[in-house]
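Trainee: If it helps, the file is called model02.pdb and holds PDB, C-alpha atoms and all ligand atoms:
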ATOM      1  CA  MET F   1     128.078-149.792-114.299
ATOM      2  CA  ARG F   2     131.738-149.743-115.332
ATOM      3  CA  ILE F   3     134.125-151.714-113.166
ATOM      4  CA  GLY F   4     137.901-151.312-112.988
ATOM      5  CA  ILE F   5     140.068-154.222-111.952
ATOM      6  CA  SER F   6     143.747-154.084-111.095
ATOM      7  CA  ASN F   7     146.366-156.458-109.740
ATOM      8  CA  ASP F   8     150.035-157.109-109.200
ATOM      9  CA  HIS F   9     152.056-160.124-110.387
ATOM     10  CA  ALA F  10     150.788-162.290-107.507
ATOM     11  CA  ALA F  11     147.182-162.058-108.670
ATOM     12  CA  VAL F  12     147.158-162.501-112.455
ATOM     13  CA  GLU F  13     145.331-165.820-112.399
ATOM     14  CA  LEU F  14     142.662-164.723-109.904
ATOM     15  CA  LYS F  15     142.218-161.400-111.750
ATOM     16  CA  ASN F  16     141.569-163.275-115.004
ATOM     17  CA  SER F  17     139.041-165.532-113.387
ATOM     18  CA  VAL F  18     137.174-162.664-111.654
ATOM     19  CA  LEU F  19     137.296-160.659-114.900
ATOM     20  CA  GLN F  20     135.764-163.547-116.843
ATOM     21  CA  HIS F  21     133.100-164.000-114.176
ATOM     22  CA  LEU F  22     132.125-160.318-114.388
ATOM     23  CA  LEU F  23     132.031-160.319-118.187
ATOM     24  CA  GLU F  24     129.725-163.347-118.103
ATOM     25  CA  LYS F  25     127.478-161.391-115.726
ATOM     26  CA  GLY F  26     127.312-158.565-118.280
ATOM     27  CA  TYR F  27     129.485-155.977-116.518
ATOM     28  CA  GLU F  28     131.709-153.671-118.514
ATOM     29  CA  VAL F  29     135.172-154.212-117.036
ATOM     30  CA  VAL F  30     138.402-152.302-117.644
ATOM     31  CA  ASN F  31     141.591-154.220-116.863
ATOM     32  CA  PHE F  32     144.216-151.909-115.323
ATOM     33  CA  GLY F  33     146.368-154.665-113.853
ATOM     34  CA  THR F  34     149.350-156.574-115.114
ATOM     35  CA  ASP F  35     148.864-159.712-117.204
ATOM     36  CA  SER F  36     152.410-160.874-116.547
ATOM     37  CA  THR F  37     153.864-162.759-113.594
ATOM     38  CA  GLU F  38     156.969-160.548-113.804
ATOM     39  CA  SER F  39     157.278-158.400-110.698
ATOM     40  CA  TYR F  40     154.800-155.484-110.804
ATOM     41  CA  ASP F  41     154.579-153.270-107.729
ATOM     42  CA  TYR F  42     151.136-153.143-106.116
ATOM     43  CA  PRO F  43     151.282-149.335-105.489
ATOM     44  CA  LEU F  44     151.356-148.887-109.284
ATOM     45  CA  ALA F  45     148.438-151.260-109.720
ATOM     46  CA  ALA F  46     146.537-149.231-107.103
ATOM     47  CA  LYS F  47     147.451-145.893-108.657
ATOM     48  CA  VAL F  48     146.093-146.558-112.168
ATOM     49  CA  LEU F  49     142.842-147.914-110.773
ATOM     50  CA  CYS F  50     142.330-145.048-108.301
ATOM     51  CA  LYS F  51     143.085-142.478-111.004
ATOM     52  CA  ALA F  52     140.338-143.973-113.194
ATOM     53  CA  ILE F  53     137.848-143.890-110.319
ATOM     54  CA  LYS F  54     138.697-140.278-109.492
ATOM     55  CA  GLU F  55     138.385-139.282-113.164
ATOM     56  CA  GLY F  56     135.053-141.115-113.424
ATOM     57  CA  THR F  57     136.229-143.526-116.114
ATOM     58  CA  VAL F  58     135.023-146.381-113.909
ATOM     59  CA  ASP F  59     132.499-146.399-111.070
ATOM     60  CA  LEU F  60     133.890-149.006-108.697
ATOM     61  CA  GLY F  61     137.176-150.875-108.419
ATOM     62  CA  ILE F  62     138.507-154.309-107.591
ATOM     63  CA  ALA F  63     142.144-154.505-106.481
ATOM     64  CA  ILE F  64     143.999-157.769-105.912
ATOM     65  CA  CYS F  65     147.524-158.525-104.727
ATOM     66  CA  GLY F  66     148.968-161.490-102.834
ATOM     67  CA  THR F  67     147.275-160.665 -99.532
ATOM     68  CA  GLY F  68     145.023-157.777-100.584
ATOM     69  CA  VAL F  69     146.635-155.767 -97.799
ATOM     70  CA  GLY F  70     149.383-153.887 -99.642
ATOM     71  CA  ILE F  71     147.137-152.825-102.496
ATOM     72  CA  SER F  72     144.380-151.716-100.099
ATOM     73  CA  ILE F  73     146.833-149.591 -98.103
ATOM     74  CA  ALA F  74     148.042-148.009-101.360
ATOM     75  CA  CYS F  75     144.477-147.375-102.606
ATOM     76  CA  ASN F  76     143.524-145.711 -99.335
ATOM     77  CA  LYS F  77     146.306-143.137 -99.770
ATOM     78  CA  HIS F  78     144.408-141.688-102.743
ATOM     79  CA  LYS F  79     141.967-138.877-101.988
ATOM     80  CA  GLY F  80     138.344-139.924-102.326
ATOM     81  CA  ILE F  81     139.172-143.613-102.350
ATOM     82  CA  ARG F  82     137.686-145.830 -99.686
ATOM     83  CA  ALA F  83     139.128-149.306-100.121
ATOM     84  CA  CYS F  84     138.183-152.327 -98.036
ATOM     85  CA  CYS F  85     140.387-155.406 -97.793
ATOM     86  CA  CYS F  86     138.294-158.443 -96.945
ATOM     87  CA  SER F  87     138.090-162.205 -97.238
ATOM     88  CA  GLU F  88     134.341-162.736 -96.979
ATOM     89  CA  ALA F  89     131.116-161.324 -98.390
ATOM     90  CA  THR F  90     129.662-159.834 -95.187
ATOM     91  CA  SER F  91     132.415-157.220 -95.004
ATOM     92  CA  ALA F  92     131.993-156.552 -98.735
ATOM     93  CA  ARG F  93     128.297-155.823 -98.156
ATOM     94  CA  LEU F  94     128.772-153.729 -95.031
ATOM     95  CA  THR F  95     131.593-151.662 -96.489
ATOM     96  CA  ARG F  96     129.259-150.585 -99.308
ATOM     97  CA  GLU F  97     126.314-149.967 -96.957
ATOM     98  CA  HIS F  98     128.227-148.166 -94.200
ATOM     99  CA  ASN F  99     131.484-146.829 -95.685
ATOM    100  CA  ASN F 100     130.386-146.247 -99.287
ATOM    101  CA  ALA F 101     133.595-148.051-100.230
ATOM    102  CA  ASN F 102     134.520-147.628-103.876
ATOM    103  CA  VAL F 103     137.250-150.287-104.035
ATOM    104  CA  ILE F 104     137.177-153.870-102.809
ATOM    105  CA  CYS F 105     140.480-155.650-102.229
ATOM    106  CA  PHE F 106     141.399-159.233-101.491
ATOM    107  CA  GLY F 107     144.359-161.556-101.681
ATOM    108  CA  ALA F 108     145.048-164.132-104.370
ATOM    109  CA  ARG F 109     147.009-166.072-101.752
ATOM    110  CA  VAL F 110     144.105-165.860 -99.328
ATOM    111  CA  VAL F 111     140.764-166.421-101.074
ATOM    112  CA  SER F 112     139.565-169.083-103.511
ATOM    113  CA  THR F 113     138.061-168.279-106.906
ATOM    114  CA  GLU F 114     134.566-169.041-105.583
ATOM    115  CA  LEU F 115     135.023-166.782-102.584
ATOM    116  CA  ALA F 116     136.463-163.988-104.742
ATOM    117  CA  ASN F 117     133.407-164.159-107.014
ATOM    118  CA  ASP F 118     131.106-164.112-104.006
ATOM    119  CA  ILE F 119     132.909-161.043-102.603
ATOM    120  CA  VAL F 120     132.745-159.089-105.874
ATOM    121  CA  ASP F 121     129.114-160.055-106.581
ATOM    122  CA  THR F 122     128.111-158.817-103.130
ATOM    123  CA  PHE F 123     130.181-155.640-103.382
ATOM    124  CA  LEU F 124     128.841-154.700-106.808
ATOM    125  CA  THR F 125     125.171-155.314-106.003
ATOM    126  CA  THR F 126     125.062-153.498-102.653
ATOM    127  CA  GLU F 127     124.200-149.795-102.450
ATOM    128  CA  PHE F 128     125.357-147.250 -99.890
ATOM    129  CA  SER F 129     122.637-146.969 -97.226
ATOM    130  CA  HIS F 130     122.669-143.130 -97.337
ATOM    131  CA  GLY F 131     122.087-143.192 -93.588
ATOM    132  CA  PRO F 132     122.993-139.791 -92.075
ATOM    133  CA  ARG F 133     125.165-141.393 -89.380
ATOM    134  CA  HIS F 134     127.197-143.197 -92.028
ATOM    135  CA  GLN F 135     127.496-140.094 -94.206
ATOM    136  CA  LYS F 136     128.654-138.076 -91.194
ATOM    137  CA  ARG F 137     131.471-140.562 -90.544
ATOM    138  CA  ILE F 138     132.489-140.604 -94.205
ATOM    139  CA  ASP F 139     132.575-136.796 -94.102
ATOM    140  CA  MET F 140     134.881-137.089 -91.094
ATOM    141  CA  ILE F 141     137.225-139.297 -93.112
ATOM    142  CA  THR F 142     137.187-136.731 -95.932
ATOM    143  CA  GLU F 143     138.059-134.080 -93.365
ATOM    144  CA  ILE F 144     141.106-136.123 -92.304
ATOM    145  CA  GLU F 145     142.125-136.436 -95.970
ATOM    146  CA  ASN F 146     141.900-132.681 -96.407
ATOM    147  CA  SER F 147     143.717-131.750 -93.224
ATOM    148  CA  GLU F 148     147.424-131.575 -92.638
ATOM    149  CA  LEU F 149     147.850-133.635 -89.510
TER     150      LEU F 149
HETATM  151  C1  LIG H   1     154.097-159.506-103.667
HETATM  152  O1  LIG H   1     154.979-160.550-103.475
HETATM  153  C2  LIG H   1     153.289-159.275-102.413
HETATM  154  O2  LIG H   1     154.065-158.649-101.457
HETATM  155  C3  LIG H   1     152.058-158.472-102.724
HETATM  156  O3  LIG H   1     151.298-159.140-103.671
HETATM  157  C4  LIG H   1     151.113-158.215-101.567
HETATM  158  O4  LIG H   1     150.778-159.402-100.916
HETATM  159  C5  LIG H   1     151.478-157.158-100.634
HETATM  160  O5  LIG H   1     150.724-156.814 -99.702
END
Go through the file and emit its structure as structure tokens.
Ligand code: RB5

Mentor:
Amino acid sequence: MRIGISNDHAAVELKNSVLQHLLEKGYEVVNFGTDSTESYDYPLAAKVLCKAIKEGTVDLGIAICGTGVGISIACNKHKGIRACCCSEATSARLTREHNNANVICFGARVVSTELANDIVDTFLTTEFSHGPRHQKRIDMITEIENSEL
């Protein structure tokens, strides 16, 4: 499984630590984020990651900003992207099982390194449940994406 990771300037340190953790676990990881603490807008960090997911270059994404909120909002504006912002592993598990989320987001100013690793480990090892009721709701989200409200 190929994983994409992206981040703004507020999350360089946490990105590097999560990246290292994933490499040690044997994942193939593509770094789309900034490696500088110079200001780098989170919508750009979201855009490059979401593009790679949509093109199939990577399978799942990890997106980190200061709070995880801005980058998750930006990711969710991209068609076909279901991004979950969370600060604990239960949501990371349930968003894979129920929402078939393809991006997990969290905040470098919110979670510790240990918690971030726990969140990504859970997210990456949980499968979508394929339950018809969950698929129906995901289809409803896709319908919203495709409609002009
Ligand atoms: C950048 O200072 C900060 O606004 C950003 O990382 C994020 O927290 C936004 O939601």

Trainee: Report as a count of residues only all protein, DNA and RNA residues lying within 9 Å of F:Lys54, evaluated on only C-alpha atoms, omitting residues in the same chain fewer than 3 positions from it.

Mentor: 10

Trainee: Where does chain F meet ligand LIG 1 (chain H) within 10 Å, residue by residue, with the nearest atom pair and distance in Å to one decimal for each, counting only C-alpha atoms and all ligand atoms, listed by chain and rising number, as JSON lines?

Mentor:
{"residue": "F:Asn7", "atom": "CA", "partner": "H:LIG1", "partner_atom": "O3", "distance": 8.3}
{"residue": "F:Asp8", "atom": "CA", "partner": "H:LIG1", "partner_atom": "O3", "distance": 6.0}
{"residue": "F:His9", "atom": "CA", "partner": "H:LIG1", "partner_atom": "O3", "distance": 6.8}
{"residue": "F:Ala10", "atom": "CA", "partner": "H:LIG1", "partner_atom": "O3", "distance": 5.0}
{"residue": "F:Ala11", "atom": "CA", "partner": "H:LIG1", "partner_atom": "O3", "distance": 7.1}
{"residue": "F:Ser39", "atom": "CA", "partner": "H:LIG1", "partner_atom": "C1", "distance": 7.8}
{"residue": "F:Tyr40", "atom": "CA", "partner": "H:LIG1", "partner_atom": "C1", "distance": 8.2}
{"residue": "F:Asp41", "atom": "CA", "partner": "H:LIG1", "partner_atom": "C1", "distance": 7.5}
{"residue": "F:Tyr42", "atom": "CA", "partner": "H:LIG1", "partner_atom": "C3", "distance": 6.4}
{"residue": "F:Pro43", "atom": "CA", "partner": "H:LIG1", "partner_atom": "C5", "distance": 9.2}
{"residue": "F:Ile64", "atom": "CA", "partner": "H:LIG1", "partner_atom": "O3", "distance": 7.8}
{"residue": "F:Cys65", "atom": "CA", "partner": "H:LIG1", "partner_atom": "O3", "distance": 4.0}
{"residue": "F:Gly66", "atom": "CA", "partner": "H:LIG1", "partner_atom": "O4", "distance": 3.4}
{"residue": "F:Thr67", "atom": "CA", "partner": "H:LIG1", "partner_atom": "O4", "distance": 4.0}
{"residue": "F:Gly68", "atom": "CA", "partner": "H:LIG1", "partner_atom": "O5", "distance": 5.8}
{"residue": "F:Val69", "atom": "CA", "partner": "H:LIG1", "partner_atom": "O5", "distance": 4.6}
{"residue": "F:Gly70", "atom": "CA", "partner": "H:LIG1", "partner_atom": "O5", "distance": 3.2}
{"residue": "F:Ile71", "atom": "CA", "partner": "H:LIG1", "partner_atom": "O5", "distance": 6.0}
{"residue": "F:Ser72", "atom": "CA", "partner": "H:LIG1", "partner_atom": "O5", "distance": 8.1}
{"residue": "F:Ile73", "atom": "CA", "partner": "H:LIG1", "partner_atom": "O5", "distance": 8.4}
{"residue": "F:Ala74", "atom": "CA", "partner": "H:LIG1", "partner_atom": "O5", "distance": 9.4}
{"residue": "F:Phe106", "atom": "CA", "partner": "H:LIG1", "partner_atom": "O4", "distance": 9.4}
{"residue": "F:Gly107", "atom": "CA", "partner": "H:LIG1", "partner_atom": "O4", "distance": 6.8}
{"residue": "F:Ala108", "atom": "CA", "partner": "H:LIG1", "partner_atom": "O3", "distance": 8.0}
{"residue": "F:Arg109", "atom": "CA", "partner": "H:LIG1", "partner_atom": "O4", "distance": 7.7}
{"residue": "F:Val110", "atom": "CA", "partner": "H:LIG1", "partner_atom": "O4", "distance": 9.4}

Trainee: Would you kindly return, as a ChimeraX atom specification, each protein, DNA or RNA residue with an atom no farther than 7 Å from any atom of F:Gly61, considering only C-alpha atoms and excluding same-chain residues fewer than 3 positions away?

Mentor: /F:3-5,49,102-104

Trainee: Here is a test: counting all atoms listed in the file, which residue of F:Lys77, F:Arg96, F:His21, F:Lys15 is nearest to F:Ser36?

Mentor: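 Of the candidates, the smallest distance to F:Ser36 is held by F:Lys15.
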
Trainee: Counting only C-alpha atoms, figure out which residue out of F:Thr113, F:Asn16, F:Asn100, F:Ser147 gets nearest to F:Gln135.

Mentor: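 Ranking F:Thr113, F:Asn16, F:Asn100, F:Ser147 by distance to F:Gln135, first place goes to F:Asn100.
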
Trainee: What separation in Å, quoted to one decimal, exists between atom CA of F:Glu28 and atom CA of F:Ala89?

Mentor: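 So the two atoms, atom CA of F:Glu28 and atom CA of F:Ala89, lie 21.5 Å apart.
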
Trainee: When you draw a straight line from atom CA of F:Asn99 to atom CA of F:Cys84, how long is it in Å?

Mentor: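 Computing the Euclidean distance for atom CA of F:Asn99 and atom CA of F:Cys84 yields 9.0 Å.
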
Trainee: Would you mind putting back all heavy atoms on stretch 22-33 of chain F, then writing it out as a compact mmCIF listing (two decimals), in the frame of the given file?

Mentor:
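Output contents, as saved in result-v2.txt:
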# COMPACT_ATOMS: atom_id res chain seq x y z
N LEU F 22 132.87 -161.58 -114.27
CA LEU F 22 132.12 -160.32 -114.39
C LEU F 22 131.63 -160.09 -115.81
O LEU F 22 130.52 -159.60 -116.03
CB LEU F 22 132.98 -159.14 -113.92
CG LEU F 22 133.32 -159.13 -112.42
CD1 LEU F 22 134.25 -157.98 -112.10
CD2 LEU F 22 132.05 -159.04 -111.58
N LEU F 23 132.45 -160.46 -116.79
CA LEU F 23 132.03 -160.32 -118.19
C LEU F 23 130.82 -161.21 -118.47
O LEU F 23 129.88 -160.80 -119.14
CB LEU F 23 133.19 -160.66 -119.14
CG LEU F 23 134.38 -159.69 -119.12
CD1 LEU F 23 135.50 -160.20 -120.03
CD2 LEU F 23 133.96 -158.28 -119.53
N GLU F 24 130.86 -162.42 -117.92
CA GLU F 24 129.72 -163.35 -118.10
C GLU F 24 128.46 -162.79 -117.46
O GLU F 24 127.35 -163.07 -117.91
CB GLU F 24 130.05 -164.72 -117.50
CG GLU F 24 130.94 -165.55 -118.42
CD GLU F 24 131.57 -166.76 -117.74
OE1 GLU F 24 131.10 -167.16 -116.65
OE2 GLU F 24 132.55 -167.30 -118.30
N LYS F 25 128.64 -162.00 -116.41
CA LYS F 25 127.48 -161.39 -115.73
C LYS F 25 127.00 -160.14 -116.45
O LYS F 25 126.02 -159.53 -116.06
CB LYS F 25 127.86 -161.02 -114.30
CG LYS F 25 128.07 -162.22 -113.40
CD LYS F 25 127.43 -162.04 -112.06
CE LYS F 25 127.05 -163.39 -111.50
NZ LYS F 25 126.04 -163.30 -110.45
N GLY F 26 127.74 -159.72 -117.48
CA GLY F 26 127.31 -158.56 -118.28
C GLY F 26 127.90 -157.23 -117.87
O GLY F 26 127.51 -156.19 -118.39
N TYR F 27 128.84 -157.24 -116.92
CA TYR F 27 129.49 -155.98 -116.52
C TYR F 27 130.48 -155.53 -117.59
O TYR F 27 131.09 -156.37 -118.26
CB TYR F 27 130.27 -156.16 -115.21
CG TYR F 27 129.41 -156.28 -113.98
CD1 TYR F 27 129.21 -157.53 -113.38
CD2 TYR F 27 128.83 -155.17 -113.39
CE1 TYR F 27 128.44 -157.65 -112.22
CE2 TYR F 27 128.05 -155.28 -112.24
CZ TYR F 27 127.86 -156.53 -111.67
OH TYR F 27 127.10 -156.64 -110.53
N GLU F 28 130.64 -154.23 -117.69
CA GLU F 28 131.71 -153.67 -118.51
C GLU F 28 132.92 -153.54 -117.59
O GLU F 28 132.83 -152.88 -116.54
CB GLU F 28 131.28 -152.30 -119.02
CG GLU F 28 132.12 -151.81 -120.17
CD GLU F 28 131.64 -150.45 -120.66
OE1 GLU F 28 130.46 -150.11 -120.43
OE2 GLU F 28 132.46 -149.74 -121.26
N VAL F 29 134.02 -154.18 -117.94
CA VAL F 29 135.17 -154.21 -117.04
C VAL F 29 136.42 -153.70 -117.76
O VAL F 29 136.70 -154.10 -118.89
CB VAL F 29 135.45 -155.65 -116.52
CG1 VAL F 29 136.50 -155.62 -115.41
CG2 VAL F 29 134.19 -156.33 -116.03
N VAL F 30 137.14 -152.80 -117.10
CA VAL F 30 138.40 -152.30 -117.64
C VAL F 30 139.54 -152.92 -116.82
O VAL F 30 139.55 -152.82 -115.59
CB VAL F 30 138.48 -150.76 -117.58
CG1 VAL F 30 139.75 -150.27 -118.27
CG2 VAL F 30 137.25 -150.13 -118.20
N ASN F 31 140.47 -153.55 -117.52
CA ASN F 31 141.59 -154.22 -116.86
C ASN F 31 142.79 -153.27 -116.75
O ASN F 31 143.43 -152.96 -117.75
CB ASN F 31 141.95 -155.46 -117.68
CG ASN F 31 143.16 -156.19 -117.12
OD1 ASN F 31 143.57 -155.95 -116.00
ND2 ASN F 31 143.71 -157.10 -117.92
N PHE F 32 143.08 -152.81 -115.54
CA PHE F 32 144.22 -151.91 -115.32
C PHE F 32 145.44 -152.65 -114.79
O PHE F 32 146.49 -152.04 -114.58
CB PHE F 32 143.84 -150.82 -114.31
CG PHE F 32 142.77 -149.88 -114.81
CD1 PHE F 32 141.46 -150.00 -114.38
CD2 PHE F 32 143.09 -148.86 -115.70
CE1 PHE F 32 140.48 -149.12 -114.82
CE2 PHE F 32 142.12 -147.98 -116.16
CZ PHE F 32 140.82 -148.12 -115.71
N GLY F 33 145.29 -153.93 -114.51
CA GLY F 33 146.37 -154.66 -113.85
C GLY F 33 147.37 -155.25 -114.82
O GLY F 33 147.24 -155.12 -116.04
